[in-house]
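Student: What follows is the file coords25.txt, containing compact mmCIF, C-alpha atoms:
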# COMPACT_ATOMS: atom_id res chain seq x y z
CA MET A 1 0.00 0.00 0.00
CA PHE A 2 2.79 2.38 0.96
CA LEU A 3 4.73 1.53 -2.20
CA PHE A 4 1.67 2.12 -4.37
CA PHE A 5 1.04 5.46 -2.64
CA SER A 6 4.67 6.49 -3.16
CA LEU A 7 4.53 5.57 -6.84
CA GLU A 8 1.35 7.58 -7.25
CA LEU A 9 2.97 10.59 -5.55
CA ASP A 10 6.00 10.25 -7.80
CA LYS A 11 3.79 9.94 -10.86
CA ASN A 12 1.79 13.03 -9.87
CA TYR A 13 4.98 14.95 -9.07
CA ARG A 14 6.48 14.13 -12.46
CA ALA A 15 3.23 15.09 -14.20
CA GLY A 16 3.22 18.39 -12.32
CA GLN A 17 6.85 19.05 -13.25
CA THR A 18 6.11 18.26 -16.90
CA GLU A 19 3.22 20.73 -16.88
CA ILE A 20 5.45 23.40 -15.36
CA MET A 21 8.18 22.78 -17.95
CA ASP A 22 5.62 22.88 -20.76
CA LYS A 23 4.64 26.39 -19.69
CA ILE A 24 8.27 27.50 -19.39
CA ILE A 25 9.40 26.18 -22.78
CA PHE A 26 6.08 26.73 -24.61
CA PRO A 27 4.22 29.66 -22.99
CA CYS A 28 1.99 29.96 -26.07
CA ALA A 29 -0.50 27.07 -26.47
CA ARG A 30 -0.67 27.27 -30.26
CA TYR A 31 0.84 29.58 -32.84
CA GLN A 32 1.61 29.87 -36.53
CA ALA A 33 5.04 29.63 -38.13
CA GLY A 34 6.24 30.17 -41.68
CA PHE A 35 8.70 31.72 -44.08
CA MET A 36 8.84 34.44 -46.74
CA GLN A 37 11.08 33.12 -49.54
CA PHE A 38 12.01 35.70 -52.17
CA ASP A 39 14.82 36.74 -54.52
CA VAL A 40 17.08 39.11 -52.57
CA LYS A 41 18.21 41.83 -54.96
CA LEU A 42 21.86 42.71 -54.48
CA ALA A 43 22.36 46.23 -53.07
CA GLU A 44 18.66 47.13 -53.54
CA PRO A 45 17.14 47.53 -50.06
CA ALA A 46 14.11 49.44 -51.34
CA ALA A 47 13.21 46.62 -53.75
CA ASN A 48 13.75 43.97 -51.07
CA LEU A 49 11.66 45.83 -48.54
CA ALA A 50 8.90 46.19 -51.15
CA ALA A 51 9.06 42.42 -51.74
CA LEU A 52 8.66 41.79 -48.02
CA ARG A 53 5.66 44.13 -47.74
CA ALA A 54 3.99 42.64 -50.80
CA GLY A 55 4.61 39.08 -49.61
CA LEU A 56 3.08 39.78 -46.22
CA ALA A 57 0.08 41.46 -47.83
CA ARG A 58 -0.56 38.36 -49.94
CA LEU A 59 -0.06 35.96 -47.05
CA ALA A 60 -2.01 38.12 -44.58
CA PRO A 61 -0.72 36.29 -41.50
CA ALA A 62 -2.52 36.69 -38.20
CA GLY A 63 -0.65 36.22 -34.95
CA PRO A 64 0.50 34.85 -32.70
CA GLY A 65 3.23 33.52 -34.93
CA ILE A 66 6.62 33.99 -36.56
CA ILE A 67 7.84 34.42 -40.12
CA VAL A 68 11.48 33.85 -41.10
CA LEU A 69 13.19 35.86 -43.87
CA PRO A 70 16.31 35.09 -45.95
CA GLU A 71 19.85 35.90 -44.89
CA LEU A 72 20.89 39.56 -45.42
CA TRP A 73 17.43 40.07 -46.87
CA SER A 74 17.78 43.85 -47.22
CA CYS A 75 20.96 44.04 -49.33
CA GLY A 76 22.48 40.63 -49.98
CA PHE A 77 26.25 40.14 -49.89
CA SER A 78 27.07 43.58 -51.24
CA TYR A 79 30.60 43.68 -49.86
CA GLU A 80 31.59 46.96 -51.51
CA ARG A 81 28.75 48.85 -49.79
CA LEU A 82 28.40 46.72 -46.68
CA GLN A 83 29.21 49.54 -44.26
CA HIS A 84 26.62 51.75 -45.95
CA PHE A 85 23.88 49.13 -45.68
CA ALA A 86 24.84 48.30 -42.10
CA LEU A 87 24.12 51.92 -41.21
CA GLN A 88 20.63 51.47 -42.67
CA THR A 89 19.86 48.42 -40.55
CA TRP A 90 18.06 50.37 -37.83
CA GLU A 91 15.68 51.74 -40.46
CA MET A 92 15.00 48.17 -41.59
CA LEU A 93 14.43 47.08 -38.00
CA GLU A 94 11.96 49.91 -37.48
CA GLU A 95 10.01 48.76 -40.55
CA MET A 96 10.15 45.15 -39.33
CA GLN A 97 8.72 46.34 -36.03
CA ARG A 98 5.90 48.19 -37.81
CA LEU A 99 5.04 45.15 -39.93
CA ALA A 100 5.24 42.83 -36.93
CA GLY A 101 2.80 45.05 -35.09
CA GLN A 102 0.48 45.27 -38.10
CA TYR A 103 0.12 41.49 -38.34
CA GLY A 104 0.63 40.60 -34.68
CA ILE A 105 3.65 38.39 -35.40
CA TYR A 106 7.41 38.13 -35.03
CA LEU A 107 9.76 38.58 -37.98
CA ALA A 108 13.21 36.97 -38.06
CA GLY A 109 15.95 37.52 -40.63
CA SER A 110 19.60 38.51 -40.81
CA LEU A 111 20.93 42.01 -41.51
CA PRO A 112 24.42 43.59 -41.41
CA GLU A 113 25.21 44.97 -37.95
CA ALA A 114 27.90 47.65 -37.52
CA VAL A 115 29.65 47.77 -34.13
CA LEU A 116 32.24 50.36 -33.09
CA THR A 117 35.36 49.07 -31.31
CA GLU A 118 38.42 50.68 -29.75
CA VAL A 119 40.36 50.17 -32.98
CA GLY A 120 37.64 51.07 -35.48
CA GLY A 121 34.59 49.03 -36.27
CA VAL A 122 33.41 45.57 -37.27
CA ILE A 123 30.38 44.21 -39.07
CA TYR A 124 28.42 41.12 -38.07
CA ASN A 125 25.88 39.11 -40.04
CA THR A 126 23.18 39.22 -37.38
CA LEU A 127 19.88 37.39 -37.15
CA TYR A 128 17.34 39.78 -35.60
CA LEU A 129 14.07 38.69 -34.02
CA VAL A 130 11.59 41.57 -34.07
CA GLY A 131 8.13 41.93 -32.57
CA SER A 132 5.66 44.75 -32.18
CA ASP A 133 7.77 46.15 -29.32
CA GLY A 134 10.98 46.12 -31.35
CA VAL A 135 14.01 43.83 -31.31
CA VAL A 136 13.46 41.05 -28.76
CA GLY A 137 16.71 39.23 -29.51
CA SER A 138 19.59 38.76 -31.92
CA SER A 139 22.15 36.11 -32.80
CA ARG A 140 25.32 36.79 -34.79
CA LYS A 141 26.49 34.33 -37.44
CA GLN A 142 29.04 32.07 -35.77
CA GLN A 143 30.65 30.37 -38.74
CA LEU A 144 31.74 32.53 -41.68
CA PHE A 145 31.97 30.94 -45.12
CA ALA A 146 35.55 31.59 -46.25
CA PRO A 147 35.13 30.37 -49.88
CA THR A 148 32.94 33.43 -50.57
CA ALA A 149 35.20 35.76 -48.52
CA GLU A 150 32.73 36.25 -45.68
CA ASP A 151 35.60 36.14 -43.18
CA ARG A 152 37.21 39.13 -44.90
CA TYR A 153 34.18 41.38 -44.47
CA PHE A 154 32.36 40.08 -41.39
CA SER A 155 33.41 39.27 -37.85
CA ALA A 156 32.28 35.97 -36.38
CA GLY A 157 29.78 35.95 -33.54
CA ASP A 158 30.16 34.02 -30.32
CA ASN A 159 28.17 32.79 -27.33
CA PRO A 160 25.03 31.56 -29.15
CA ARG A 161 21.99 31.79 -26.89
CA PRO A 162 18.25 31.43 -27.57
CA MET A 163 16.06 34.53 -27.72
CA GLU A 164 13.06 35.01 -25.44
CA THR A 165 9.67 35.65 -27.07
CA GLY A 166 6.00 35.26 -26.29
CA LEU A 167 6.19 31.99 -28.22
CA GLY A 168 8.95 30.66 -25.94
CA LEU A 169 12.71 30.57 -26.39
CA VAL A 170 13.79 30.71 -30.04
CA ALA A 171 17.18 29.43 -31.21
CA GLY A 172 18.80 31.05 -34.22
CA LEU A 173 21.27 30.04 -36.94
CA VAL A 174 22.48 31.88 -40.03
CA CYS A 175 23.15 29.79 -43.16
CA TYR A 176 26.60 28.11 -42.78
CA ASP A 177 25.96 27.74 -39.03
CA LEU A 178 23.63 24.90 -40.02
CA ARG A 179 26.62 22.64 -40.70
CA PHE A 180 27.77 22.86 -37.07
CA PRO A 181 25.35 20.79 -34.97
CA GLU A 182 26.66 21.99 -31.61
CA LEU A 183 25.35 25.51 -32.30
CA ALA A 184 21.78 24.23 -32.42
CA LYS A 185 22.29 21.68 -29.65
CA VAL A 186 23.52 24.16 -27.07
CA GLN A 187 20.49 26.41 -27.66
CA ALA A 188 18.03 23.52 -27.56
CA GLY A 189 19.64 22.43 -24.29
CA MET A 190 18.92 25.88 -22.86
CA GLY A 191 15.21 25.35 -23.45
CA ALA A 192 14.54 26.53 -27.02
CA GLY A 193 11.51 24.86 -28.57
CA LEU A 194 11.87 26.52 -31.97
CA LEU A 195 14.91 26.87 -34.25
CA VAL A 196 14.87 29.51 -36.99
CA VAL A 197 17.39 29.51 -39.83
CA SER A 198 17.98 32.46 -42.16
CA ALA A 199 20.01 31.56 -45.25
CA GLN A 200 21.30 32.14 -48.76
CA TRP A 201 22.03 28.51 -49.61
CA PRO A 202 23.10 27.68 -53.18
CA LEU A 203 21.15 25.32 -55.42
CA ILE A 204 24.23 23.16 -56.02
CA ARG A 205 24.13 22.03 -52.37
CA LEU A 206 20.36 21.86 -51.97
CA ALA A 207 20.44 18.20 -50.87
CA HIS A 208 22.71 19.20 -47.97
CA TRP A 209 20.34 22.01 -46.99
CA ARG A 210 17.40 19.68 -46.66
CA ALA A 211 19.29 16.85 -44.97
CA LEU A 212 20.91 19.12 -42.38
CA LEU A 213 17.65 20.84 -41.48
CA VAL A 214 15.89 17.53 -40.94
CA ALA A 215 18.86 16.31 -38.88
CA ARG A 216 18.81 19.43 -36.65
CA ALA A 217 15.08 18.88 -36.04
CA ILE A 218 15.43 15.19 -35.20
CA GLU A 219 18.54 15.32 -33.03
CA ASN A 220 17.25 18.28 -30.99
CA GLN A 221 13.57 17.24 -31.06
CA ILE A 222 12.80 20.82 -32.03
CA LEU A 223 10.57 22.62 -34.51
CA VAL A 224 12.62 24.10 -37.36
CA VAL A 225 11.58 27.02 -39.56
CA ALA A 226 14.17 27.76 -42.24
CA CYS A 227 14.01 30.41 -44.95
CA ASN A 228 16.32 30.30 -47.95
CA ARG A 229 16.44 32.84 -50.75
CA CYS A 230 15.69 31.99 -54.33
CA GLY A 231 16.84 33.58 -57.58
CA GLN A 232 20.35 34.25 -58.83
CA THR A 233 23.19 36.71 -58.19
CA GLU A 234 25.94 36.72 -60.81
CA LYS A 235 26.84 33.04 -61.35
CA THR A 236 25.33 31.70 -58.12
CA GLU A 237 21.84 30.23 -58.27
CA PHE A 238 20.11 29.86 -54.92
CA GLY A 239 18.08 26.85 -53.93
CA GLY A 240 14.92 28.11 -52.32
CA HIS A 241 13.07 25.16 -50.77
CA SER A 242 12.42 26.84 -47.44
CA LEU A 243 11.04 24.42 -44.88
CA VAL A 244 8.97 24.00 -41.74
CA ILE A 245 9.94 20.74 -40.03
CA ALA A 246 8.35 19.03 -37.04
CA PRO A 247 10.47 17.80 -34.10
CA ASP A 248 10.25 14.24 -35.42
CA GLY A 249 11.63 15.25 -38.82
CA ALA A 250 8.30 15.36 -40.65
CA VAL A 251 8.14 18.14 -43.24
CA LEU A 252 5.13 20.35 -42.53
CA ALA A 253 5.70 22.78 -45.40
CA GLU A 254 8.24 23.13 -48.19
CA ALA A 255 8.62 25.79 -50.86
CA GLY A 256 9.74 25.23 -54.42
CA ALA A 257 12.44 27.06 -56.32
CA GLY A 258 10.62 30.38 -56.77
CA GLU A 259 9.15 33.09 -54.59
CA GLU A 260 6.84 31.45 -52.09
CA SER A 261 5.59 31.69 -48.51
CA ALA A 262 4.07 29.37 -45.94
CA TRP A 263 2.02 29.76 -42.77
CA VAL A 264 1.55 26.59 -40.71
CA GLU A 265 -0.28 25.98 -37.44
CA ILE A 266 2.02 24.72 -34.69
CA ASP A 267 1.02 22.75 -31.60
CA PRO A 268 3.93 22.88 -29.10
CA ALA A 269 2.40 19.98 -27.18
CA GLY A 270 3.63 17.73 -29.98
CA THR A 271 7.23 18.54 -29.09
CA GLN A 272 6.78 17.57 -25.46
CA GLU A 273 4.96 14.41 -26.48
CA ILE A 274 7.95 13.40 -28.60
CA ARG A 275 10.43 14.24 -25.82
CA GLN A 276 8.41 12.25 -23.28
CA ARG A 277 8.78 9.08 -25.34
CA PHE A 278 12.57 9.44 -25.21
CA ASN A 279 14.67 12.54 -24.75
CA SER A 280 17.81 13.28 -26.77
CA VAL A 281 17.94 16.96 -25.74
CA GLY A 282 18.18 16.86 -21.96
CA PRO A 283 20.92 14.30 -21.24
CA ALA A 284 24.34 15.96 -21.21
CA PRO A 285 26.74 13.76 -19.21
CA TYR A 286 30.39 14.75 -19.01
CA ARG A 287 32.21 11.77 -20.52
CA PHE A 288 35.76 13.11 -20.57
CA TYR A 289 38.74 12.92 -18.21
CA ASP A 290 40.49 16.28 -18.08
CA GLN A 291 43.64 14.54 -16.80
CA ASP A 292 44.01 13.12 -20.32
CA LYS A 293 44.59 16.64 -21.66
CA ILE A 294 48.07 16.61 -20.09
CA MET A 295 50.46 15.15 -22.65
CA GLU A 296 54.16 14.70 -23.34
CA LEU A 297 55.64 16.81 -26.13
CA GLY A 298 56.11 13.86 -28.50
CA GLU A 299 52.50 12.67 -28.42
CA LEU A 300 51.30 16.27 -28.49
CA ALA A 301 53.29 16.89 -31.70
CA VAL A 302 51.50 13.93 -33.32
CA LEU A 303 48.13 15.25 -32.15
CA THR A 304 48.73 18.78 -33.48
CA ALA A 305 49.77 17.34 -36.86
CA ARG A 306 46.46 15.49 -37.00
CA LEU A 307 44.53 18.60 -35.99
CA ARG A 308 46.31 20.59 -38.68
CA ALA A 309 45.49 17.89 -41.24
CA VAL A 310 41.76 18.37 -40.62
CA GLY A 311 42.09 22.14 -40.89
CA ARG A 312 42.19 23.26 -37.27
CA LYS A 313 44.23 26.28 -36.17
CA VAL A 314 46.39 25.60 -33.12
CA VAL A 315 46.88 28.35 -30.53
CA PHE A 316 49.78 28.18 -28.06
CA THR A 317 50.47 30.09 -24.87
CA ASN A 318 52.43 29.42 -21.71
CA GLY A 319 52.87 30.42 -18.09
CA CYS A 320 53.54 29.30 -14.52
CA PHE A 321 49.90 29.52 -13.37
CA ASP A 322 50.98 29.04 -9.77
CA ILE A 323 47.78 30.32 -8.15
CA LEU A 324 45.04 30.44 -10.76
CA HIS A 325 42.99 33.65 -10.71
CA GLN A 326 40.54 35.67 -12.78
CA GLY A 327 43.27 37.27 -14.85
CA HIS A 328 44.56 33.87 -15.95
CA VAL A 329 41.22 32.39 -16.99
CA THR A 330 40.08 35.55 -18.81
CA TYR A 331 43.32 35.60 -20.77
CA LEU A 332 43.13 31.88 -21.59
CA GLU A 333 39.54 32.20 -22.74
CA GLN A 334 40.51 35.05 -25.08
CA ALA A 335 43.44 33.03 -26.39
CA ARG A 336 41.16 30.06 -27.20
CA ARG A 337 38.94 32.30 -29.31
CA GLU A 338 41.86 32.94 -31.67
CA GLY A 339 41.78 29.41 -33.11
CA ASP A 340 40.34 25.92 -32.86
CA CYS A 341 42.57 24.33 -30.20
CA LEU A 342 44.42 25.91 -27.27
CA ILE A 343 47.63 24.29 -26.02
CA VAL A 344 49.02 25.63 -22.75
CA GLY A 345 52.67 25.13 -21.79
CA VAL A 346 53.10 25.01 -18.00
CA ASN A 347 56.50 25.72 -16.43
CA SER A 348 57.86 22.83 -14.37
CA ASP A 349 58.78 23.45 -10.73
CA ALA A 350 62.47 23.69 -11.65
CA SER A 351 61.65 26.10 -14.46
CA VAL A 352 59.65 28.35 -12.11
CA ARG A 353 62.56 28.47 -9.63
CA ALA A 354 64.98 29.29 -12.45
CA LEU A 355 62.86 32.35 -13.30
CA GLY A 356 63.75 33.83 -9.90
CA LYS A 357 60.22 34.18 -8.56
CA GLY A 358 61.36 33.34 -5.02
CA ASP A 359 62.58 30.44 -2.92
CA ASP A 360 59.03 29.55 -1.90
CA ARG A 361 57.73 29.35 -5.46
CA PRO A 362 55.95 27.59 -6.91
CA VAL A 363 53.32 27.21 -4.21
CA ASN A 364 51.61 24.41 -6.15
CA HIS A 365 53.64 21.63 -7.73
CA GLU A 366 53.70 21.19 -11.51
CA GLN A 367 51.26 18.27 -11.73
CA SER A 368 48.72 20.14 -9.61
CA ARG A 369 49.06 23.29 -11.72
CA ALA A 370 48.76 21.32 -14.97
CA ARG A 371 45.73 19.44 -13.67
CA ILE A 372 43.90 22.64 -12.75
CA ILE A 373 44.65 24.24 -16.13
CA ALA A 374 43.44 21.06 -17.87
CA ALA A 375 40.09 21.34 -16.09
CA LEU A 376 39.31 24.66 -17.82
CA GLY A 377 36.82 24.32 -20.64
CA CYS A 378 38.74 26.71 -22.89
CA VAL A 379 41.94 24.62 -22.68
CA ASP A 380 42.33 21.67 -25.04
CA GLN A 381 45.82 20.33 -24.18
CA VAL A 382 48.51 20.94 -21.55
CA VAL A 383 52.24 20.20 -21.67
CA ILE A 384 54.80 20.71 -18.89
CA PHE A 385 58.23 22.06 -19.91
CA SER A 386 61.45 22.35 -17.92
CA GLU A 387 63.34 25.00 -19.90
CA GLU A 388 63.24 28.67 -18.91
CA THR A 389 61.42 29.49 -22.17
CA PRO A 390 58.92 27.53 -24.31
CA HIS A 391 61.04 27.92 -27.46
CA ARG A 392 61.44 24.16 -28.00
CA LEU A 393 57.69 23.62 -27.57
CA ILE A 394 56.84 26.32 -30.09
CA THR A 395 59.29 25.17 -32.76
CA THR A 396 58.14 21.57 -32.34
CA LEU A 397 54.38 22.21 -32.31
CA GLN A 398 54.43 25.02 -34.89
CA PRO A 399 51.21 26.74 -33.76
CA GLU A 400 49.30 28.93 -36.19
CA VAL A 401 48.72 31.46 -33.40
CA LEU A 402 51.13 32.35 -30.58
CA VAL A 403 49.68 34.29 -27.66
CA LYS A 404 51.39 35.99 -24.74
CA GLY A 405 49.71 37.73 -21.83
CA GLY A 406 50.56 41.22 -20.68
CA ASP A 407 52.12 44.11 -22.56
CA TRP A 408 54.79 42.11 -24.33
CA PRO A 409 55.81 43.66 -27.68
CA VAL A 410 55.69 41.06 -30.44
CA GLU A 411 59.41 41.31 -31.18
CA LYS A 412 60.23 40.19 -27.59
CA ILE A 413 57.89 37.18 -27.47
CA VAL A 414 59.82 33.90 -27.52
CA GLY A 415 59.04 31.95 -30.68
CA ALA A 416 57.51 34.92 -32.51
CA PRO A 417 60.04 34.96 -35.39
CA GLU A 418 59.44 31.28 -36.15
CA VAL A 419 55.64 31.57 -36.03
CA LEU A 420 55.60 34.69 -38.19
CA ALA A 421 58.03 33.15 -40.68
CA ALA A 422 55.62 30.23 -41.10
CA GLY A 423 52.73 32.61 -41.85
CA GLY A 424 51.20 32.51 -38.38
CA ARG A 425 50.04 35.26 -36.05
CA VAL A 426 51.54 36.52 -32.78
CA LEU A 427 49.31 38.34 -30.28
CA SER A 428 49.80 40.05 -26.94
CA ILE A 429 46.59 39.98 -24.88
CA PRO A 430 46.44 42.45 -21.95
CA LEU A 431 45.86 40.81 -18.58
CA VAL A 432 43.03 41.80 -16.25
CA GLU A 433 44.24 44.65 -14.06
CA ASN A 434 44.85 44.16 -10.32
CA TYR A 435 45.14 40.38 -10.60
CA SER A 436 48.49 38.60 -10.22
CA THR A 437 49.87 35.61 -8.34
CA THR A 438 52.51 37.80 -6.68
CA SER A 439 49.92 40.25 -5.29
CA LEU A 440 47.69 37.40 -4.12
CA LEU A 441 50.58 35.79 -2.21
CA LYS A 442 51.48 39.12 -0.66
CA LYS A 443 47.89 39.56 0.48
CA ILE A 444 47.82 36.03 1.97
CA ARG A 445 51.07 36.57 3.85
CA THR A 446 49.95 39.88 5.36
CA SER A 447 46.44 38.83 6.29
Take the structure in the file and give it back as structure tokens.

Tutor:
Amino acid sequence: MFLFFSLELDKNYRAGQTEIMDKIIFPCARYQAGFMQFDVKLAEPAANLAALRAGLARLAPAGPGIIVLPELWSCGFSYERLQHFALQTWEMLEEMQRLAGQYGIYLAGSLPEAVLTEVGGVIYNTLYLVGSDGVVGSSRKQQLFAPTAEDRYFSAGDNPRPMETGLGLVAGLVCYDLRFPELAKVQAGMGAGLLVVSAQWPLIRLAHWRALLVARAIENQILVVACNRCGQTEKTEFGGHSLVIAPDGAVLAEAGAGEESAWVEIDPAGTQEIRQRFNSVGPAPYRFYDQDKIMELGELAVLTARLRAVGRKVVFTNGCFDILHQGHVTYLEQARREGDCLIVGVNSDASVRALGKGDDRPVNHEQSRARIIAALGCVDQVVIFSEETPHRLITTLQPEVLVKGGDWPVEKIVGAPEVLAAGGRVLSIPLVENYSTTSLLKKIRTS
């Protein structure tokens, strides 16, 4: 009797938790979702805006709902005038807000975003999600397509996160991002129930477009709404075939090769029903042993050669890392962003003593320091070295990017001539002010 009662309580508790989660992930019981596929005219924002207005007038959508637009729908990849069109983006966003309010919907599509920096300015290819109250979220394109020179004109985004709307959390990808499953997975794991994709995908790779969209829906058990452009710019013909895909991979709507739109009723309860049968979104066990990141130079040289063979850029930096602090981890995180793999050289105990840091240094022995560095998510590999400088490590590993912390001029960074001669980059990243191992030890001793 007691067991039965406990099982009933557990069953009721789980049902209550499921109901709560349904409301968190899907606050809107039912809504509409669709796309507005059209031929984006290169460097003609007025014509593209007119196409959007006309398409919405024909479709006459009624909210609540969301419509996805093509990538860079206002101007296309007009590299020569990109800065000019980026300055017009706020006007486009204001018109998107007006149209969203008129139809009671959200509009999502990418536009060029200009951002001022300390050394000038950069431009992002940014997916904006706009409602009647204005921009509710944005997501910058993470992966730039080098074969069409995107990486020469745009800066890559980072930290992909879902956007909060009245329809629930919405994940966003821009075109080439679709080929990188982790970008969708991380957002689905944060609670997104809808994935929108804004693209200019070529006809020649249309089969990939369809297969990848279905895969993102199935593996994340998420609704996918993807809008591709149609038409042709110079020699490139675009594929169209925008899609609305259910969380089980079923195609709910698909466009052809020409200008077309869709508006489909969505029942979010279907997503939860699928996830209740079995869940491939929630489980995220940590299956790795960070200790394995610590390697000898010989095996690390073999690994870096393999990484280079698959096209990854290796970043190298080094330090004592005696007492790990905020300055260290901020610097290491920035270093990791400069490539695809971060290798950290850690001074051995003898090497630290040879640097003249004091008779009582290091405080932590080399294996302890290496183990702590290896546990950082931004660090891929660690190697301990006994020399006073990491010159042998650098010449053996041949990193594409060499990073040093502090105000080191490039010409004084050990290994810089060799890296530069091989066509690599050498960077000096300023450390966080008021954080150093020496000052921390002084504070400990005087407290």

Student: If I take CA of Ile384 (chain A) and CA of Ala354 (chain A), how far is one from the other in Å, to one decimal?

Tutor: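 Going from CA of Ile384 (chain A) over to CA of Ala354 (chain A), I get 14.8 Å.
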
Student: Have a look at A:Leu402, A:Val122, A:Leu324, A:Ile373 and name the one nearest to Asp292 (chain A); count all atoms listed in the file.

Tutor: A:Ile373

Student: Just checking: using all atoms listed in the file, which residue out of A:Cys320, A:Ala33, A:Val382, A:Ala43 ends up closest to His84 (chain A)?

Tutor: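 The closest residue to His84 (chain A) is A:Ala43.
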
Student: Which polymer residues have any atom within 7 Å of an atom of Arg30 (chain A), counting all atoms listed in the file, with same-chain residues fewer than 6 positions away left out, as a list in words?

Tutor: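 The residues satisfying every condition are Ile266, Asp267 and Pro268 of chain A.
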
Student: Using C-alpha atoms, can you export the residues from the last selection as a PDB file, in the coordinates of the input?

Tutor:
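The resulting out-v7.pdb:
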ATOM      1  CA  ILE A 266       2.020  24.720 -34.690  1.00  0.00           C
ATOM      2  CA  ASP A 267       1.020  22.750 -31.600  1.00  0.00           C
ATOM      3  CA  PRO A 268       3.930  22.880 -29.100  1.00  0.00           C
TER       4      PRO A 268
END

Student: A:Ala335, A:Ile343, A:Met36, A:Leu169: which is nearest Glu296 (chain A), counting all atoms listed in the file?

Tutor: A:Ile343
